[in-house]
Amino acid sequence: FPYTTLFRSPESNLEGKGKVTFGLKLHGAKRSIEAEKILSEGEIRLIALAAFLADITGQTQTTPFIFDDPISSLDQAYEEKVVARLVELAQTRQVIVFTHRLSLVSLVEHAIDKIKKQAQAVNQPFSMVHKVETLRKFGKVSGLKANVNIMETKPLNALNRLRNDVIPILKKHYKEGNVVEYEDRAKGLCSEFRVLVERCVEVVLLNNVVHRFRRSVQTQNQIAALAKIYSKDCNFIDDLMTRYSVYEHSQSLELTPEPPPPEDLENDLKNLIDWIDTFKNQTAC
């Protein structure tokens, strides 16, 4: 920001590792005024993040960094700059980011892929590992690890996990009459299944040309595959989306419908798995 100066003021307090109070004043201001009254929320967040990163740059410590929605209140250009800086930091330190914004996850994936391709171009090693975990609410308990990564790049793998790992548990609860346990787990599976149907639209049906949370559109060597989409494929996806959307988007004053029996869930999982295999070998219209 050309109109701000970031400094460690005389009254700054050293409160221990990672706790330093930074002063902030406007450069060239003719009268004293609090910078917080002029800067936007996003600008204040950027400056705080810049101060933190500047303070730890060059330190030999290897402790991980944890960020909570670091791009909140930022515009697109600064979102990308912040993500690029975090990915750069992750090459030497573990970086953990909590967010409810899937656009942030997509930006991180894009930044990592860019660095990976640059390393490969000059035959440099690339050892960064990127892992996404999805937390969900099951019943009255929050913060549980979901069965499916919401950004799953291979829906087929996730669908097989649900069929092989979750369906047997649901069948056991259903058979034993454990109504509460069955409904909680079954509604969770219905919600995750709908997410995977969405991913199938992006990854399988649209061949990765367009992603909701990715800014770029990929067409080279990919868009021609859209010619093999038939009306039966659209109708099949429409049916699944319609039936399973109620578990994800029911209104607060509406009662979420009871989940279907495990045999129906298993059948829908199988049908989607079979459709993926069939669609991959389908010829163009």
# chains A, B, ... in the order shown; residues from 1 in each chain; ligands from 1
$ residues_around --residues "Ser245 (chain A)" --least-positions-apart "6" --cutoff "10 Å" --atoms "only C-alpha atoms" --output "list of chain:residue names"
A:Cys190, A:Ser191, A:Phe193, A:Arg194, A:Val195
$ select_by_dssp --residues "region 54-237 of chain A" --states "helix (DSSP H, G or I)" --output "ChimeraX atom specification"
/A:54-56,76-89,102-121,155-176,179-205,223-228,231-237
$ closest_residue --among "A:Glu109, A:Leu74, A:Gly28, A:Thr278" --to "Ile44 (chain A)" --atoms "only C-alpha atoms"
A:Leu74
$ atom_distance --atom1 "CA of Leu205 (chain A)" --atom2 "CA of Lys145 (chain A)"
27.7 Å
$ select_by_dssp --residues "region 96-278 of chain A" --states "strand (DSSP E or B)" --output "tab-separated table (two decimals) with N, CA and C atoms, in the first residue's frame"
chain	number	residue	atom	x	y	z
A	96	ILE	N	-1.08	-25.17	7.56
A	96	ILE	CA	-2.42	-25.72	7.73
A	96	ILE	C	-3.42	-24.58	7.59
A	97	VAL	N	-4.38	-24.74	6.70
A	97	VAL	CA	-5.37	-23.69	6.46
A	97	VAL	C	-6.77	-24.24	6.70
A	98	PHE	N	-7.52	-23.56	7.56
A	98	PHE	CA	-8.93	-23.88	7.77
A	98	PHE	C	-9.76	-22.90	6.96
A	135	LEU	N	-14.44	-31.64	6.91
A	135	LEU	CA	-15.11	-31.86	8.19
A	135	LEU	C	-16.60	-31.64	8.02
A	136	ARG	N	-17.38	-32.52	8.63
A	136	ARG	CA	-18.83	-32.43	8.49
A	136	ARG	C	-19.50	-32.61	9.84
A	137	LYS	N	-20.80	-32.35	9.83
A	137	LYS	CA	-21.61	-32.56	11.03
A	137	LYS	C	-22.46	-33.80	10.82
A	138	PHE	N	-22.39	-34.73	11.78
A	138	PHE	CA	-23.22	-35.92	11.75
A	138	PHE	C	-24.08	-35.94	13.01
A	141	VAL	N	-23.13	-33.99	16.41
A	141	VAL	CA	-21.68	-33.89	16.58
A	141	VAL	C	-21.06	-33.20	15.37
A	142	SER	N	-20.28	-32.16	15.61
A	142	SER	CA	-19.62	-31.41	14.53
A	142	SER	C	-18.12	-31.69	14.52
A	143	GLY	N	-17.49	-31.37	13.41
A	143	GLY	CA	-16.04	-31.49	13.32
A	143	GLY	C	-15.53	-32.87	13.03
A	144	LEU	N	-16.40	-33.77	12.56
A	144	LEU	CA	-15.96	-35.13	12.25
A	144	LEU	C	-15.42	-35.20	10.83
A	145	LYS	N	-14.44	-36.03	10.63
A	145	LYS	CA	-13.87	-36.20	9.30
A	145	LYS	C	-14.87	-36.90	8.40
$ closest_residue --among "A:Glu43, A:Ser106, A:Asn235, A:Asn149" --to "His211 (chain A)" --atoms "only C-alpha atoms"
A:Ser106
$ atom_distance --atom1 "CA of Asn221 (chain A)" --atom2 "CA of Cys200 (chain A)"
18.9 Å
$ residues_around --residues "Gln91 (chain A)" --least-positions-apart "5" --cutoff "10 Å" --atoms "only C-alpha atoms" --output "VMD selection string"
chain A and resid 86 112 126 to 129
$ write_last_selection --atoms "all heavy atoms" --output "PDB file, in the first residue's frame"
ATOM      1  N   LEU A  86       1.537 -18.247   0.628  1.00  0.00           N
ATOM      2  CA  LEU A  86       1.371 -19.371   1.547  1.00  0.00           C
ATOM      3  C   LEU A  86       1.957 -20.659   0.961  1.00  0.00           C
ATOM      4  O   LEU A  86       2.572 -21.450   1.671  1.00  0.00           O
ATOM      5  CB  LEU A  86      -0.112 -19.575   1.875  1.00  0.00           C
ATOM      6  CG  LEU A  86      -0.806 -18.454   2.653  1.00  0.00           C
ATOM      7  CD1 LEU A  86      -2.247 -18.827   2.934  1.00  0.00           C
ATOM      8  CD2 LEU A  86      -0.070 -18.151   3.947  1.00  0.00           C
ATOM      9  N   ILE A 112      -0.024 -24.716  -6.405  1.00  0.00           N
ATOM     10  CA  ILE A 112       0.885 -25.852  -6.241  1.00  0.00           C
ATOM     11  C   ILE A 112       1.187 -26.486  -7.588  1.00  0.00           C
ATOM     12  O   ILE A 112       2.339 -26.832  -7.890  1.00  0.00           O
ATOM     13  CB  ILE A 112       0.284 -26.883  -5.273  1.00  0.00           C
ATOM     14  CG1 ILE A 112       0.227 -26.304  -3.861  1.00  0.00           C
ATOM     15  CG2 ILE A 112       1.098 -28.179  -5.281  1.00  0.00           C
ATOM     16  CD1 ILE A 112      -0.448 -27.208  -2.851  1.00  0.00           C
ATOM     17  N   PHE A 126      10.401 -32.078  -6.735  1.00  0.00           N
ATOM     18  CA  PHE A 126       9.213 -31.449  -6.158  1.00  0.00           C
ATOM     19  C   PHE A 126       8.656 -32.402  -5.112  1.00  0.00           C
ATOM     20  O   PHE A 126       8.231 -33.508  -5.423  1.00  0.00           O
ATOM     21  CB  PHE A 126       8.167 -31.164  -7.236  1.00  0.00           C
ATOM     22  CG  PHE A 126       6.917 -30.517  -6.699  1.00  0.00           C
ATOM     23  CD1 PHE A 126       6.863 -29.146  -6.505  1.00  0.00           C
ATOM     24  CD2 PHE A 126       5.799 -31.281  -6.374  1.00  0.00           C
ATOM     25  CE1 PHE A 126       5.714 -28.543  -6.008  1.00  0.00           C
ATOM     26  CE2 PHE A 126       4.651 -30.691  -5.882  1.00  0.00           C
ATOM     27  CZ  PHE A 126       4.608 -29.316  -5.698  1.00  0.00           C
ATOM     28  N   SER A 127       8.682 -31.971  -3.863  1.00  0.00           N
ATOM     29  CA  SER A 127       8.295 -32.876  -2.786  1.00  0.00           C
ATOM     30  C   SER A 127       7.116 -32.375  -1.951  1.00  0.00           C
ATOM     31  O   SER A 127       6.766 -32.976  -0.943  1.00  0.00           O
ATOM     32  CB  SER A 127       9.498 -33.120  -1.856  1.00  0.00           C
ATOM     33  OG  SER A 127       9.968 -31.893  -1.317  1.00  0.00           O
ATOM     34  N   MET A 128       6.495 -31.268  -2.357  1.00  0.00           N
ATOM     35  CA  MET A 128       5.384 -30.738  -1.578  1.00  0.00           C
ATOM     36  C   MET A 128       4.184 -31.688  -1.647  1.00  0.00           C
ATOM     37  O   MET A 128       3.829 -32.185  -2.704  1.00  0.00           O
ATOM     38  CB  MET A 128       4.987 -29.359  -2.096  1.00  0.00           C
ATOM     39  CG  MET A 128       3.943 -28.659  -1.228  1.00  0.00           C
ATOM     40  SD  MET A 128       3.411 -27.072  -1.944  1.00  0.00           S
ATOM     41  CE  MET A 128       4.974 -26.215  -2.055  1.00  0.00           C
ATOM     42  N   VAL A 129       3.565 -31.927  -0.512  1.00  0.00           N
ATOM     43  CA  VAL A 129       2.388 -32.790  -0.435  1.00  0.00           C
ATOM     44  C   VAL A 129       1.190 -31.942  -0.038  1.00  0.00           C
ATOM     45  O   VAL A 129       1.213 -31.250   0.978  1.00  0.00           O
ATOM     46  CB  VAL A 129       2.585 -33.924   0.594  1.00  0.00           C
ATOM     47  CG1 VAL A 129       1.312 -34.765   0.699  1.00  0.00           C
ATOM     48  CG2 VAL A 129       3.765 -34.794   0.197  1.00  0.00           C
TER      49      VAL A 129
END
$ residues_around --residues "Met241 (chain A)" --least-positions-apart "2" --cutoff "12 Å" --atoms "only C-alpha atoms" --output "list in words"
Cys190, Ser191, Glu192, Phe193, Arg194, Val195, Leu196, Val197, Glu198, Arg199, Cys200, Val201, Cys234, Asn235, Phe236, Ile237, Asp238, Asp239, Arg243, Tyr244, Ser245, Val246, Tyr247, Glu248, His249, Asp268 and Leu272 of chain A
$ residues_around --residues "Pro261 (chain A)" --least-positions-apart "4" --cutoff "9 Å" --atoms "only C-alpha atoms" --output "list in words"
Leu170, Lys171, Tyr174, Ala186, Leu265 and Glu266 of chain A
$ write_last_selection --atoms "N, CA and C atoms" --output "JSON list (two decimals), in the first residue's frame"
[["chain", "number", "residue", "atom", "x", "y", "z"],
["A", 170, "LEU", "N", -24.28, -49.10, 7.42],
["A", 170, "LEU", "CA", -25.68, -48.72, 7.34],
["A", 170, "LEU", "C", -26.59, -49.95, 7.37],
["A", 171, "LYS", "N", -26.22, -50.98, 6.66],
["A", 171, "LYS", "CA", -27.02, -52.20, 6.64],
["A", 171, "LYS", "C", -27.14, -52.81, 8.04],
["A", 174, "TYR", "N", -29.48, -50.62, 10.13],
["A", 174, "TYR", "CA", -30.86, -50.78, 9.64],
["A", 174, "TYR", "C", -31.45, -52.11, 10.08],
["A", 186, "ALA", "N", -26.91, -42.23, 7.40],
["A", 186, "ALA", "CA", -27.48, -42.28, 6.05],
["A", 186, "ALA", "C", -27.64, -40.88, 5.46],
["A", 265, "LEU", "N", -29.71, -46.93, -1.45],
["A", 265, "LEU", "CA", -28.47, -46.15, -1.50],
["A", 265, "LEU", "C", -27.38, -46.92, -2.23],
["A", 266, "GLU", "N", -27.27, -48.18, -1.91],
["A", 266, "GLU", "CA", -26.26, -49.02, -2.57],
["A", 266, "GLU", "C", -26.52, -49.11, -4.06]]
$ atom_distance --atom1 "CA of Lys172 (chain A)" --atom2 "CA of Pro262 (chain A)"
9.4 Å
$ closest_residue --among "A:Ile229, A:Val95, A:Ile276, A:Ala90" --to "Pro64 (chain A)" --atoms "only C-alpha atoms"
A:Val95
